[in-house]
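Visitor: Below you'll find target.txt; it's compact mmCIF, C-alpha atoms.
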# COMPACT_ATOMS: atom_id res chain seq x y z
CA MET V 1 -14.27 46.44 90.92
CA THR V 2 -17.92 47.19 91.78
CA ILE V 3 -19.60 45.32 88.93
CA PHE V 4 -21.24 42.22 90.38
CA ASP V 5 -22.21 39.06 88.51
CA ARG V 6 -23.24 36.20 90.79
CA SER V 7 -22.80 33.60 88.05
CA LYS V 8 -19.06 34.30 87.93
CA HIS V 9 -18.84 32.92 91.47
CA VAL V 10 -20.80 29.69 91.00
CA TYR V 11 -18.68 26.57 90.59
CA VAL V 12 -20.24 23.59 88.84
CA SER V 13 -18.43 20.27 88.57
CA PRO V 14 -19.94 17.34 86.68
CA ASP V 15 -16.69 15.50 87.45
CA PHE V 16 -17.33 15.70 91.18
CA ASP V 17 -20.70 14.03 90.80
CA GLU V 18 -19.00 11.25 88.82
CA VAL V 19 -16.37 10.82 91.54
CA VAL V 20 -19.07 10.38 94.19
CA LYS V 21 -20.96 7.86 92.05
CA ASP V 22 -17.77 5.91 91.40
CA THR V 23 -17.02 5.89 95.12
CA ILE V 24 -20.43 4.38 95.85
CA ARG V 25 -19.98 1.75 93.12
CA PHE V 26 -16.63 0.80 94.63
CA PHE V 27 -18.13 0.67 98.11
CA ASN V 28 -20.92 -1.64 96.99
CA GLY V 29 -18.31 -3.97 95.53
CA THR V 30 -16.20 -4.31 98.68
CA PRO V 31 -16.23 -7.63 100.57
CA VAL V 32 -18.69 -8.09 103.43
CA HIS V 33 -17.47 -9.43 106.77
CA PRO V 34 -18.86 -10.44 110.13
CA ILE V 35 -18.30 -8.09 113.07
CA PRO V 36 -15.50 -7.77 114.00
CA ALA V 37 -13.73 -8.20 110.66
CA PRO V 38 -11.46 -11.28 110.51
CA LYS V 39 -8.36 -9.14 110.93
CA ARG V 40 -7.73 -5.85 112.70
CA PHE V 41 -7.02 -3.17 110.09
CA HIS V 42 -5.89 0.45 110.19
CA GLY V 43 -7.40 3.43 108.46
CA THR V 44 -10.36 5.77 108.30
CA GLY V 45 -13.36 5.77 106.00
CA ILE V 46 -16.97 4.75 105.86
CA TYR V 47 -18.90 1.60 106.63
CA ALA V 48 -22.34 0.08 106.42
CA LEU V 49 -23.92 -2.51 108.68
CA TYR V 50 -26.33 -5.07 107.28
CA CYS V 51 -28.89 -7.12 109.14
CA ILE V 52 -30.08 -10.55 107.98
CA ALA V 53 -32.14 -11.54 111.03
CA LYS V 54 -34.58 -14.33 110.15
CA SER V 55 -36.98 -13.47 112.96
CA GLY V 56 -38.00 -10.45 114.97
CA ILE V 57 -38.87 -6.92 113.98
CA TYR V 58 -36.09 -6.67 111.37
CA SER V 59 -36.80 -9.99 109.65
CA ARG V 60 -37.74 -8.34 106.38
CA PHE V 61 -34.04 -7.55 105.97
CA ASN V 62 -33.48 -11.28 105.53
CA LEU V 63 -35.62 -11.14 102.41
CA VAL V 64 -34.13 -7.92 101.07
CA ASN V 65 -30.52 -8.92 101.72
CA ARG V 66 -30.87 -12.58 100.79
CA THR V 67 -29.18 -12.58 97.40
CA ALA V 68 -26.79 -9.73 98.16
CA PHE V 69 -26.22 -7.13 100.85
CA HIS V 70 -28.54 -4.56 99.30
CA MET V 71 -29.94 -2.52 102.15
CA PRO V 72 -27.89 -1.30 105.12
CA ILE V 73 -29.44 -0.85 108.53
CA TYR V 74 -26.83 1.79 109.38
CA VAL V 75 -24.16 3.83 107.60
CA GLY V 76 -21.40 5.68 109.40
CA LYS V 77 -17.95 7.18 109.11
CA ALA V 78 -14.69 7.11 111.00
CA VAL V 79 -12.72 10.27 110.40
CA PRO V 80 -9.07 11.09 111.03
CA LYS V 81 -8.24 12.80 114.32
CA GLY V 82 -8.42 16.56 113.88
CA TRP V 83 -10.75 16.12 110.90
CA ARG V 84 -13.36 18.60 112.11
CA GLN V 85 -10.79 21.33 111.75
CA ALA V 86 -9.67 19.76 108.46
CA ARG V 87 -6.43 21.67 108.69
CA GLN V 88 -3.90 18.97 108.05
CA LEU V 89 -3.61 16.18 105.59
CA ILE V 90 -3.29 12.87 107.41
CA PRO V 91 -0.34 10.86 106.08
CA VAL V 92 -1.39 7.58 104.43
CA ASN V 93 0.88 5.55 106.67
CA THR V 94 -0.48 6.81 109.98
CA GLN V 95 -1.43 3.61 111.78
CA SER V 96 -4.69 4.53 113.40
CA TYR V 97 -7.54 2.10 113.75
CA GLU V 98 -10.59 4.40 113.82
CA LEU V 99 -12.65 2.51 111.25
CA ASN V 100 -11.88 -0.92 112.71
CA ASN V 101 -12.59 0.34 116.22
CA ARG V 102 -15.82 2.09 115.29
CA ILE V 103 -17.24 -1.08 113.72
CA ASN V 104 -16.24 -3.08 116.79
CA GLN V 105 -17.93 -0.55 119.09
CA HIS V 106 -21.10 -1.13 117.12
CA GLY V 107 -20.65 -4.87 117.59
CA ARG V 108 -20.55 -4.33 121.35
CA SER V 109 -23.71 -2.16 121.24
CA ILE V 110 -25.48 -4.97 119.39
CA ASP V 111 -24.17 -7.55 121.89
CA LEU V 112 -25.50 -5.48 124.77
CA ALA V 113 -28.96 -5.07 123.22
CA GLU V 114 -31.24 -7.71 124.70
CA ASN V 115 -33.21 -8.19 121.45
CA LEU V 116 -30.39 -8.23 118.86
CA ASP V 117 -27.92 -10.96 117.94
CA ARG V 118 -24.51 -10.03 116.58
CA SER V 119 -24.41 -13.05 114.29
CA ASP V 120 -27.29 -11.45 112.32
CA PHE V 121 -25.11 -8.46 111.46
CA PHE V 122 -22.42 -7.94 108.82
CA CYS V 123 -20.27 -5.02 107.83
CA ARG V 124 -18.90 -3.54 104.65
CA PHE V 125 -16.33 -0.76 104.69
CA MET V 126 -14.19 1.39 102.47
CA ILE V 127 -10.90 2.90 103.57
CA LEU V 128 -10.40 6.52 102.52
CA GLU V 129 -6.98 7.83 103.46
CA GLY V 130 -4.62 10.59 102.34
CA LYS V 131 -6.37 13.03 100.02
CA GLU V 132 -9.30 10.67 99.62
CA SER V 133 -10.10 11.15 103.32
CA ASP V 134 -11.66 14.46 102.24
CA LEU V 135 -14.37 12.34 100.61
CA ILE V 136 -15.51 10.69 103.84
CA GLY V 137 -18.27 13.14 104.75
CA THR V 138 -19.51 13.36 101.18
CA VAL V 139 -19.75 9.61 100.68
CA GLU V 140 -21.42 9.05 104.05
CA ALA V 141 -24.04 11.69 103.20
CA ALA V 142 -24.56 10.24 99.71
CA LEU V 143 -25.05 6.71 101.06
CA ILE V 144 -27.50 7.89 103.72
CA ARG V 145 -29.46 9.88 101.15
CA LYS V 146 -29.54 6.86 98.83
CA TYR V 147 -30.53 4.17 101.34
CA GLN V 148 -32.16 6.10 104.19
CA PRO V 149 -31.04 3.37 106.63
CA ILE V 150 -33.51 2.93 109.46
CA TRP V 151 -30.93 3.49 112.24
CA ASN V 152 -29.78 6.71 110.56
CA THR V 153 -33.24 8.09 109.94
CA LEU V 154 -36.23 6.73 111.84
CA ILE V 155 -34.51 5.30 114.92
CA ASP V 156 -31.76 7.63 116.02
CA GLY V 157 -29.02 7.11 118.59
CA PHE V 158 -27.21 3.89 117.64
CA GLY V 159 -23.95 5.78 117.09
CA ASN V 160 -24.15 7.69 120.38
CA HIS V 161 -21.47 7.49 123.03
CA ASP V 162 -21.81 7.49 126.79
CA PRO V 163 -22.81 11.11 127.53
CA GLY V 164 -20.75 10.95 130.73
CA LYS V 165 -21.20 11.83 134.35
CA GLY V 166 -23.42 14.84 134.99
CA ARG V 167 -25.26 14.42 131.69
CA TYR V 168 -27.53 11.51 132.46
CA ALA V 169 -30.51 13.88 132.80
CA GLN V 170 -30.93 13.65 129.02
CA ALA V 171 -33.42 11.32 127.37
CA LYS V 172 -32.52 7.84 126.20
CA SER V 173 -32.21 7.72 122.41
CA ASP V 174 -34.89 6.03 120.32
CA TRP V 175 -32.40 3.29 119.53
CA ASP V 176 -31.77 2.62 123.21
CA VAL V 177 -35.50 2.56 123.92
CA CYS V 178 -36.02 -0.07 121.21
CA HIS V 179 -32.86 -2.04 122.01
CA PRO V 180 -32.24 -1.75 125.74
CA GLY V 181 -28.93 -2.98 127.09
CA ARG V 182 -26.18 -0.36 126.93
CA PRO V 183 -25.43 0.38 130.59
CA TRP V 184 -24.90 4.12 130.12
CA ALA V 185 -28.19 4.47 128.25
CA ILE V 186 -30.02 2.84 131.16
CA LYS V 187 -28.74 5.71 133.34
CA CYS V 188 -30.35 8.36 131.08
CA GLN V 189 -33.37 9.64 132.97
CA GLY V 190 -35.02 12.11 130.57
CA ILE V 191 -38.43 11.54 129.03
CA HIS V 192 -38.35 9.63 125.77
CA GLY V 193 -40.82 8.23 123.25
CA THR V 194 -42.59 5.03 124.28
CA LYS V 195 -41.17 1.75 123.09
CA GLU V 196 -44.59 0.71 121.71
CA GLU V 197 -44.80 3.75 119.43
CA LEU V 198 -41.26 3.29 118.23
CA LEU V 199 -41.63 -0.43 117.55
CA GLN V 200 -44.81 0.35 115.61
CA SER V 201 -42.93 2.91 113.50
CA ILE V 202 -40.21 0.31 112.81
CA GLU V 203 -42.88 -2.16 111.72
CA ASN V 204 -44.36 0.40 109.35
CA PHE V 205 -40.93 1.18 107.93
CA MET V 206 -40.06 -2.48 107.43
CA ALA V 207 -43.40 -3.23 105.80
CA ARG V 208 -42.62 -0.71 103.08
CA LEU V 209 -39.10 -2.05 102.50
CA SER V 210 -38.61 -3.95 99.28
CA VAL V 211 -35.73 -5.27 97.21
CA GLU V 212 -36.49 -2.57 94.66
CA ASP V 213 -35.49 0.13 97.16
CA ALA V 214 -32.00 -1.25 97.34
CA MET O 1 -16.34 -14.80 104.00
CA THR O 2 -13.41 -14.85 106.43
CA ILE O 3 -10.58 -14.15 103.99
CA PHE O 4 -9.39 -10.62 104.56
CA ASP O 5 -7.50 -8.40 102.13
CA ARG O 6 -7.23 -4.79 103.27
CA SER O 7 -6.31 -3.56 99.79
CA LYS O 8 -9.75 -4.56 98.50
CA HIS O 9 -11.22 -1.90 100.78
CA VAL O 10 -8.97 1.02 99.86
CA TYR O 11 -10.48 3.52 97.44
CA VAL O 12 -8.12 5.67 95.39
CA SER O 13 -9.37 8.42 93.13
CA PRO O 14 -6.99 10.47 91.00
CA ASP O 15 -10.10 12.18 89.61
CA PHE O 16 -11.01 13.55 93.02
CA ASP O 17 -7.64 15.22 93.38
CA GLU O 18 -8.17 16.81 89.95
CA VAL O 19 -11.60 18.07 90.99
CA VAL O 20 -10.15 19.77 94.06
CA LYS O 21 -7.34 21.35 92.03
CA ASP O 22 -9.85 22.59 89.45
CA THR O 23 -11.99 24.05 92.23
CA ILE O 24 -9.02 26.01 93.56
CA ARG O 25 -8.12 27.25 90.08
CA PHE O 26 -11.69 28.45 89.61
CA PHE O 27 -11.69 30.09 93.04
CA ASN O 28 -8.50 32.00 92.28
CA GLY O 29 -10.11 33.31 89.11
CA THR O 30 -13.25 34.70 90.75
CA PRO O 31 -13.68 38.49 90.98
CA VAL O 32 -12.51 40.27 94.13
CA HIS O 33 -14.84 42.73 95.86
CA PRO O 34 -14.80 45.14 98.78
CA ILE O 35 -16.68 44.13 101.94
CA PRO O 36 -19.64 43.98 101.72
CA ALA O 37 -19.91 42.87 98.09
CA PRO O 38 -21.66 45.43 95.84
CA LYS O 39 -24.85 43.37 95.81
CA ARG O 40 -26.40 41.01 98.34
CA PHE O 41 -26.27 37.44 96.99
CA HIS O 42 -27.64 34.10 98.07
CA GLY O 43 -25.83 30.82 98.43
CA THR O 44 -23.28 28.88 100.43
CA GLY O 45 -19.64 28.22 99.73
CA ILE O 46 -16.18 29.40 100.61
CA TYR O 47 -14.44 32.75 100.75
CA ALA O 48 -11.07 34.35 101.32
CA LEU O 49 -10.30 37.75 102.77
CA TYR O 50 -7.30 39.74 101.54
CA CYS O 51 -5.52 42.58 103.25
CA ILE O 52 -3.67 45.33 101.38
CA ALA O 53 -2.91 47.64 104.31
CA LYS O 54 -0.09 50.04 103.43
CA SER O 55 0.91 50.61 107.05
CA GLY O 56 0.79 48.76 110.32
CA ILE O 57 1.68 45.24 111.28
CA TYR O 58 0.15 43.70 108.12
CA SER O 59 1.76 46.10 105.65
CA ARG O 60 3.78 43.34 103.99
CA PHE O 61 0.49 42.14 102.50
CA ASN O 62 0.47 45.30 100.39
CA LEU O 63 3.65 44.11 98.73
CA VAL O 64 2.53 40.49 98.34
CA ASN O 65 -0.94 41.36 97.04
CA ARG O 66 0.07 44.37 94.94
CA THR O 67 -0.15 42.85 91.48
CA ALA O 68 -2.88 40.34 92.30
CA PHE O 69 -4.68 39.01 95.37
CA HIS O 70 -2.17 36.25 96.02
CA MET O 71 -2.20 35.67 99.76
CA PRO O 72 -5.36 35.57 101.87
CA ILE O 73 -5.32 36.67 105.50
CA TYR O 74 -8.28 34.37 106.22
CA VAL O 75 -10.20 31.57 104.53
CA GLY O 76 -13.60 30.37 105.66
CA LYS O 77 -16.76 28.58 104.67
CA ALA O 78 -20.49 29.14 104.91
CA VAL O 79 -22.35 25.84 104.92
CA PRO O 80 -26.01 25.03 104.32
CA LYS O 81 -28.18 24.73 107.41
CA GLY O 82 -28.20 21.14 108.62
CA TRP O 83 -24.86 20.53 106.88
CA ARG O 84 -23.15 18.99 109.92
CA GLN O 85 -25.59 16.11 109.69
CA ALA O 86 -25.20 16.17 105.90
CA ARG O 87 -28.39 14.21 105.58
CA GLN O 88 -30.25 16.17 102.96
CA LEU O 89 -29.28 17.71 99.69
CA ILE O 90 -30.01 21.44 99.75
CA PRO O 91 -32.00 22.48 96.66
CA VAL O 92 -30.12 24.89 94.39
CA ASN O 93 -32.88 27.46 94.54
CA THR O 94 -33.05 27.77 98.33
CA GLN O 95 -32.62 31.46 98.90
CA SER O 96 -30.35 31.57 101.90
CA TYR O 97 -27.68 34.18 102.35
CA GLU O 98 -25.13 32.37 104.52
CA LEU O 99 -22.05 33.24 102.46
CA ASN O 100 -23.03 36.88 101.99
CA ASN O 101 -23.89 37.21 105.68
CA ARG O 102 -20.72 35.53 106.87
CA ILE O 103 -18.52 37.90 104.86
CA ASN O 104 -20.47 40.88 106.20
CA GLN O 105 -20.05 39.65 109.79
CA HIS O 106 -16.32 39.66 109.17
CA GLY O 107 -16.61 43.22 107.88
CA ARG O 108 -18.22 44.24 111.17
CA SER O 109 -15.48 42.48 113.19
CA ILE O 110 -12.88 44.45 111.23
CA ASP O 111 -14.84 47.69 111.74
CA LEU O 112 -14.93 47.10 115.48
CA ALA O 113 -11.21 46.40 115.73
CA GLU O 114 -9.47 49.59 116.79
CA ASN O 115 -6.36 48.90 114.69
CA LEU O 116 -7.90 47.64 111.42
CA ASP O 117 -9.55 49.54 108.58
CA ARG O 118 -12.21 47.85 106.50
CA SER O 119 -11.13 49.66 103.33
CA ASP O 120 -7.86 47.66 103.50
CA PHE O 121 -9.78 44.39 103.13
CA PHE O 122 -11.23 42.63 100.11
CA CYS O 123 -13.08 39.39 99.62
CA ARG O 124 -13.21 36.63 97.04
CA PHE O 125 -15.81 33.90 97.18
CA MET O 126 -17.08 30.85 95.37
CA ILE O 127 -20.65 29.64 95.59
CA LEU O 128 -21.02 25.86 95.99
CA GLU O 129 -24.64 24.76 95.95
CA GLY O 130 -26.60 21.60 95.20
CA LYS O 131 -24.28 18.58 94.94
CA GLU O 132 -21.24 20.85 94.81
CA SER O 133 -22.02 21.96 98.37
CA ASP O 134 -20.45 18.65 99.43
CA LEU O 135 -17.14 20.15 98.30
CA ILE O 136 -17.23 23.05 100.77
CA GLY O 137 -15.27 21.41 103.59
CA THR O 138 -12.75 19.89 101.21
CA VAL O 139 -12.01 23.13 99.39
CA GLU O 140 -11.76 25.15 102.60
CA ALA O 141 -9.27 22.62 103.99
CA ALA O 142 -7.29 22.58 100.73
CA LEU O 143 -7.05 26.39 100.64
CA ILE O 144 -5.98 26.59 104.27
CA ARG O 145 -3.33 23.92 103.71
CA LYS O 146 -2.10 25.75 100.61
CA TYR O 147 -1.93 29.29 102.00
CA GLN O 148 -1.73 28.83 105.78
CA PRO O 149 -3.48 32.20 106.25
CA ILE O 150 -2.31 33.96 109.40
CA TRP O 151 -5.81 34.34 110.90
CA ASN O 152 -6.48 30.62 110.36
CA THR O 153 -3.19 29.44 111.76
CA LEU O 154 -1.09 31.71 113.96
CA ILE O 155 -3.76 34.10 115.26
CA ASP O 156 -6.91 32.17 116.01
CA GLY O 157 -10.39 33.44 116.84
CA PHE O 158 -11.38 35.84 114.04
CA GLY O 159 -14.32 33.63 113.04
CA ASN O 160 -15.59 33.22 116.62
CA HIS O 161 -19.08 34.22 117.66
CA ASP O 162 -20.26 35.78 120.91
CA PRO O 163 -19.94 32.85 123.35
CA GLY O 164 -23.09 34.13 125.11
CA LYS O 165 -24.19 34.84 128.65
CA GLY O 166 -22.67 32.54 131.24
CA ARG O 167 -19.65 31.74 129.07
CA TYR O 168 -17.63 34.90 129.45
CA ALA O 169 -15.26 33.14 131.85
CA GLN O 170 -13.36 31.87 128.81
CA ALA O 171 -10.23 33.53 127.52
CA LYS O 172 -10.26 36.14 124.79
CA SER O 173 -9.03 34.71 121.51
CA ASP O 174 -5.61 35.64 120.16
CA TRP O 175 -7.34 37.60 117.40
CA ASP O 176 -9.29 39.65 119.93
CA VAL O 177 -6.16 40.31 121.97
CA CYS O 178 -4.39 41.65 118.87
CA HIS O 179 -7.42 43.50 117.48
CA PRO O 180 -9.50 44.69 120.43
CA GLY O 181 -12.96 46.05 119.72
CA ARG O 182 -15.64 43.36 119.57
CA PRO O 183 -17.84 44.10 122.60
CA TRP O 184 -18.46 40.46 123.49
CA ALA O 185 -14.75 39.69 123.38
CA ILE O 186 -14.08 42.49 125.86
CA LYS O 187 -16.37 40.63 128.29
CA CYS O 188 -14.24 37.47 128.14
CA GLN O 189 -12.33 37.32 131.41
CA GLY O 190 -10.10 34.24 131.08
CA ILE O 191 -6.32 34.44 130.95
CA HIS O 192 -4.92 34.85 127.46
CA GLY O 193 -1.54 35.33 125.80
CA THR O 194 -0.05 38.80 126.04
CA LYS O 195 -0.59 41.19 123.19
CA GLU O 196 3.15 41.88 122.99
CA GLU O 197 4.00 38.23 122.42
CA LEU O 198 1.27 37.84 119.83
CA LEU O 199 2.22 40.98 117.93
CA GLN O 200 5.81 39.77 117.91
CA SER O 201 4.70 36.43 116.44
CA ILE O 202 2.72 38.28 113.75
CA GLU O 203 5.81 40.32 112.91
CA ASN O 204 7.88 37.17 112.57
CA PHE O 205 5.23 35.59 110.35
CA MET O 206 4.95 38.64 108.11
CA ALA O 207 8.71 38.97 107.80
CA ARG O 208 8.86 35.50 106.25
CA LEU O 209 5.98 36.18 103.85
CA SER O 210 6.97 36.56 100.24
CA VAL O 211 5.30 36.68 96.85
CA GLU O 212 6.78 33.26 96.14
CA ASP O 213 4.64 31.73 98.88
CA ALA O 214 1.46 32.72 97.09
Could you render the structure from this file as structure tokens?
Guide:
Amino acid sequence: MTIFDRSKHVYVSPDFDEVVKDTIRFFNGTPVHPIPAPKRFHGTGIYALYCIAKSGIYSRFNLVNRTAFHMPIYVGKAVPKGWRQARQLIPVNTQSYELNNRINQHGRSIDLAENLDRSDFFCRFMILEGKESDLIGTVEAALIRKYQPIWNTLIDGFGNHDPGKGRYAQAKSDWDVCHPGRPWAIKCQGIHGTKEELLQSIENFMARLSVEDA
Amino acid sequence: MTIFDRSKHVYVSPDFDEVVKDTIRFFNGTPVHPIPAPKRFHGTGIYALYCIAKSGIYSRFNLVNRTAFHMPIYVGKAVPKGWRQARQLIPVNTQSYELNNRINQHGRSIDLAENLDRSDFFCRFMILEGKESDLIGTVEAALIRKYQPIWNTLIDGFGNHDPGKGRYAQAKSDWDVCHPGRPWAIKCQGIHGTKEELLQSIENFMARLSVEDA
């Protein structure tokens, strides 16, 4: 009982890596829709938002995403209720609308931003339900690692929610500094980076973006 | 672009289910050790604790786990730092000791409990590192669903940490009520379930436990 061999405890699964790659291939083949999608749909899973703005600070996306939606501006997930505890398997037929609702929330954030136009944005999503819902976190992480979307990496805060009464002492997120408009973000009083610095860092990021990245 | 077919967005992976099942098979074949393990080891992953107490409220475990470690009393995970964001892949060779340390913390909790004896407890663990670390949450959830270990389900709070100064107004966890000893738990002043009721619920749980469950 006291002999110890670490290697006997290490699990290696080439199959798992293949599953993740297949998931990403499937995701990149799903249809792209405006925001909101043409029809309300139920389910949980992951999504990407794409920008094709012809002008403004994100206009390079128009070039990169011209022939196909190559490079997301944001990747996110919508998980089943109780997922953090991960104690129960969510039945496939549970009619919850987390993924649909999350994408629509993002549409409202974009609407509220004074320098963004919702018609420049599109969404792609993949529903992962039942046992496949266990893949949600993995696939989100893999997509973010692969694409390093600017609103997941450089400019943080797009996915934030209203921090709520009594918590407005915190700083505005970088995203809210760059894209002012959300009423609750305007209430945040903490010290944040300057808009000039952040816009400059976006410019630098976009200048390096090429179709080959995607 | 406006035609919508939900089924085109639903990803189904029989392979993923097989990966999870294989992971659990591997886990159940890993060596079992006392706590702490004979040698300090690095890595992240998941673990199970087994009880084989011959007397006391958990003595039925001695029957269930007599021929093999069938039924865990607790299942947990130790995740890489920064895992909640899941933004970066942790290199395989990072020498962190999360899993080892987590198991040893549990050993100290058991030591401190006035009605538990560490020599009645054993651990099994599986190291998941590199890309496989993405499986940690999935496998933990699958094991908890499969075994419904009593300290994950009925008697909550074993895995808690010291809530810290200024937060001792909260209630003691059920685990701390049943197994008094952790000094920080003694400081918790909130109203909790009675020990009698909890011990009765443990008795009921244990009475239903059989080798066939495992």
Visitor: May I have the residues at most 8 Å from (-3.0, 17.5, 100.1) in the file's coordinates, counting all atoms listed in the file, as a JSON list (two decimals) with C-alpha atoms, keeping the file's coordinate frame?
Guide:
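File produced: selection.json:
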[["chain", "number", "residue", "atom", "x", "y", "z"],
["V", 89, "LEU", "CA", -3.61, 16.18, 105.59],
["V", 130, "GLY", "CA", -4.62, 10.59, 102.34],
["V", 131, "LYS", "CA", -6.37, 13.03, 100.02],
["O", 142, "ALA", "CA", -7.29, 22.58, 100.73],
["O", 145, "ARG", "CA", -3.33, 23.92, 103.71]]
Visitor: Got a sec: who's within 12 Å of Phe4 of chain O, counting only C-alpha atoms, leaving out chain neighbours fewer than 2 positions off, as a JSON list (two decimals) with C-alpha atoms, in the coordinates of the input?
Guide:
[["chain", "number", "residue", "atom", "x", "y", "z"],
["V", 30, "THR", "CA", -16.20, -4.31, 98.68],
["V", 31, "PRO", "CA", -16.23, -7.63, 100.57],
["V", 32, "VAL", "CA", -18.69, -8.09, 103.43],
["V", 33, "HIS", "CA", -17.47, -9.43, 106.77],
["V", 34, "PRO", "CA", -18.86, -10.44, 110.13],
["V", 36, "PRO", "CA", -15.50, -7.77, 114.00],
["V", 37, "ALA", "CA", -13.73, -8.20, 110.66],
["V", 38, "PRO", "CA", -11.46, -11.28, 110.51],
["V", 39, "LYS", "CA", -8.36, -9.14, 110.93],
["V", 40, "ARG", "CA", -7.73, -5.85, 112.70],
["V", 41, "PHE", "CA", -7.02, -3.17, 110.09],
["V", 124, "ARG", "CA", -18.90, -3.54, 104.65],
["O", 1, "MET", "CA", -16.34, -14.80, 104.00],
["O", 2, "THR", "CA", -13.41, -14.85, 106.43],
["O", 6, "ARG", "CA", -7.23, -4.79, 103.27],
["O", 7, "SER", "CA", -6.31, -3.56, 99.79],
["O", 8, "LYS", "CA", -9.75, -4.56, 98.50],
["O", 9, "HIS", "CA", -11.22, -1.90, 100.78]]
Visitor: Hey, what's within 12 Å of Tyr58 of chain V if we count all atoms listed in the file and toss same-chain stuff fewer than 2 positions away? As a PyMOL selection string, please?
Guide: chain V and resi 50-56+60-65+71-73+115-117+120-121+150-151+178+199-207+209
Visitor: Extract, using all atoms listed in the file, all DNA, RNA and protein residues at most 8 Å from Gly43 of chain V, discarding same-chain residues fewer than 5 positions from it, and format them as a short mmCIF file (atom, residue, chain, number, x, y, z; two decimals) with C-alpha atoms, in the coordinates of the input.
Guide:
data_model
loop_
_atom_site.label_atom_id
_atom_site.label_comp_id
_atom_site.auth_asym_id
_atom_site.auth_seq_id
_atom_site.Cartn_x
_atom_site.Cartn_y
_atom_site.Cartn_z
CA THR V 94 -0.48 6.81 109.98
CA GLN V 95 -1.43 3.61 111.78
CA SER V 96 -4.69 4.53 113.40
CA TYR V 97 -7.54 2.10 113.75
CA GLU V 98 -10.59 4.40 113.82
CA LEU V 99 -12.65 2.51 111.25
CA ASN V 100 -11.88 -0.92 112.71
CA ILE V 127 -10.90 2.90 103.57
CA LEU V 128 -10.40 6.52 102.52
CA GLU V 129 -6.98 7.83 103.46
#
Visitor: Please compute the atom CA of Lys81 of chain O-atom CA of Gly164 of chain O distance, one decimal, in Å.
Guide: 20.7 Å
Visitor: Please determine, counting only C-alpha atoms, which residue among V:Val75, V:Ile110, V:Ile103, V:Leu135 has the shortest atom-to-atom distance to chain O.
Guide: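 When distances to chain O are compared using only C-alpha atoms, the smallest one comes from V:Leu135.
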Visitor: Fewer than 3 positions away in the same chain doesn't count, so skip those; otherwise give me all residues within 10 Å of Val20 of chain V, counting all atoms listed in the file, as an MDAnalysis selection string.
Guide: (chainID V and resid 15:17 23:26 135 138:139 142:143) or (chainID O and resid 13 16 131 134)
Visitor: So that all listed atoms of segment 116-119 of chain V fit with 6 Å spare on each side, what axis-aligned box centre and edge lengths in Å, to one decimal, would you give as AutoDock Vina command-line options?
Guide:
--center_x -27.4 --center_y -10.6 --center_z 116.6 --size_x 18.0 --size_y 16.8 --size_z 16.6
Visitor: Counting only C-alpha atoms, select every polymer residue within 12 Å of (-8.6, 40.2, 124.0) as defined in the file's coordinates, and provide the selection as an mmCIF file with C-alpha atoms, keeping the file's coordinate frame.
Guide:
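Output contents, as saved in point-v1.cif:
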data_model
loop_
_atom_site.group_PDB
_atom_site.id
_atom_site.type_symbol
_atom_site.label_atom_id
_atom_site.label_comp_id
_atom_site.auth_asym_id
_atom_site.auth_seq_id
_atom_site.Cartn_x
_atom_site.Cartn_y
_atom_site.Cartn_z
ATOM 1 C CA ALA O 113 -11.210 46.400 115.730
ATOM 2 C CA GLU O 114 -9.470 49.590 116.790
ATOM 3 C CA ILE O 155 -3.760 34.100 115.260
ATOM 4 C CA ASP O 156 -6.910 32.170 116.010
ATOM 5 C CA GLY O 157 -10.390 33.440 116.840
ATOM 6 C CA PHE O 158 -11.380 35.840 114.040
ATOM 7 C CA TYR O 168 -17.630 34.900 129.450
ATOM 8 C CA GLN O 170 -13.360 31.870 128.810
ATOM 9 C CA ALA O 171 -10.230 33.530 127.520
ATOM 10 C CA LYS O 172 -10.260 36.140 124.790
ATOM 11 C CA SER O 173 -9.030 34.710 121.510
ATOM 12 C CA ASP O 174 -5.610 35.640 120.160
ATOM 13 C CA TRP O 175 -7.340 37.600 117.400
ATOM 14 C CA ASP O 176 -9.290 39.650 119.930
ATOM 15 C CA VAL O 177 -6.160 40.310 121.970
ATOM 16 C CA CYS O 178 -4.390 41.650 118.870
ATOM 17 C CA HIS O 179 -7.420 43.500 117.480
ATOM 18 C CA PRO O 180 -9.500 44.690 120.430
ATOM 19 C CA GLY O 181 -12.960 46.050 119.720
ATOM 20 C CA ARG O 182 -15.640 43.360 119.570
ATOM 21 C CA PRO O 183 -17.840 44.100 122.600
ATOM 22 C CA TRP O 184 -18.460 40.460 123.490
ATOM 23 C CA ALA O 185 -14.750 39.690 123.380
ATOM 24 C CA ILE O 186 -14.080 42.490 125.860
ATOM 25 C CA LYS O 187 -16.370 40.630 128.290
ATOM 26 C CA CYS O 188 -14.240 37.470 128.140
ATOM 27 C CA GLN O 189 -12.330 37.320 131.410
ATOM 28 C CA GLY O 190 -10.100 34.240 131.080
ATOM 29 C CA ILE O 191 -6.320 34.440 130.950
ATOM 30 C CA HIS O 192 -4.920 34.850 127.460
ATOM 31 C CA GLY O 193 -1.540 35.330 125.800
ATOM 32 C CA THR O 194 -0.050 38.800 126.040
ATOM 33 C CA LYS O 195 -0.590 41.190 123.190
ATOM 34 C CA GLU O 196 3.150 41.880 122.990
ATOM 35 C CA LEU O 198 1.270 37.840 119.830
#
Visitor: Quick check, in Å to one decimal: how far apart do atom CA of His42 of chain O and atom CA of Thr153 of chain V lie?
Guide: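 Spanning atom CA of His42 of chain O to atom CA of Thr153 of chain V is a straight-line distance of 29.1 Å.
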Visitor: Between V:Ile144, V:Cys123, V:Ser59, V:Phe69, which has the minimum distance to chain O (counting all atoms listed in the file)?
Guide: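 The shortest atom-to-atom distance to chain O comes from V:Ile144.
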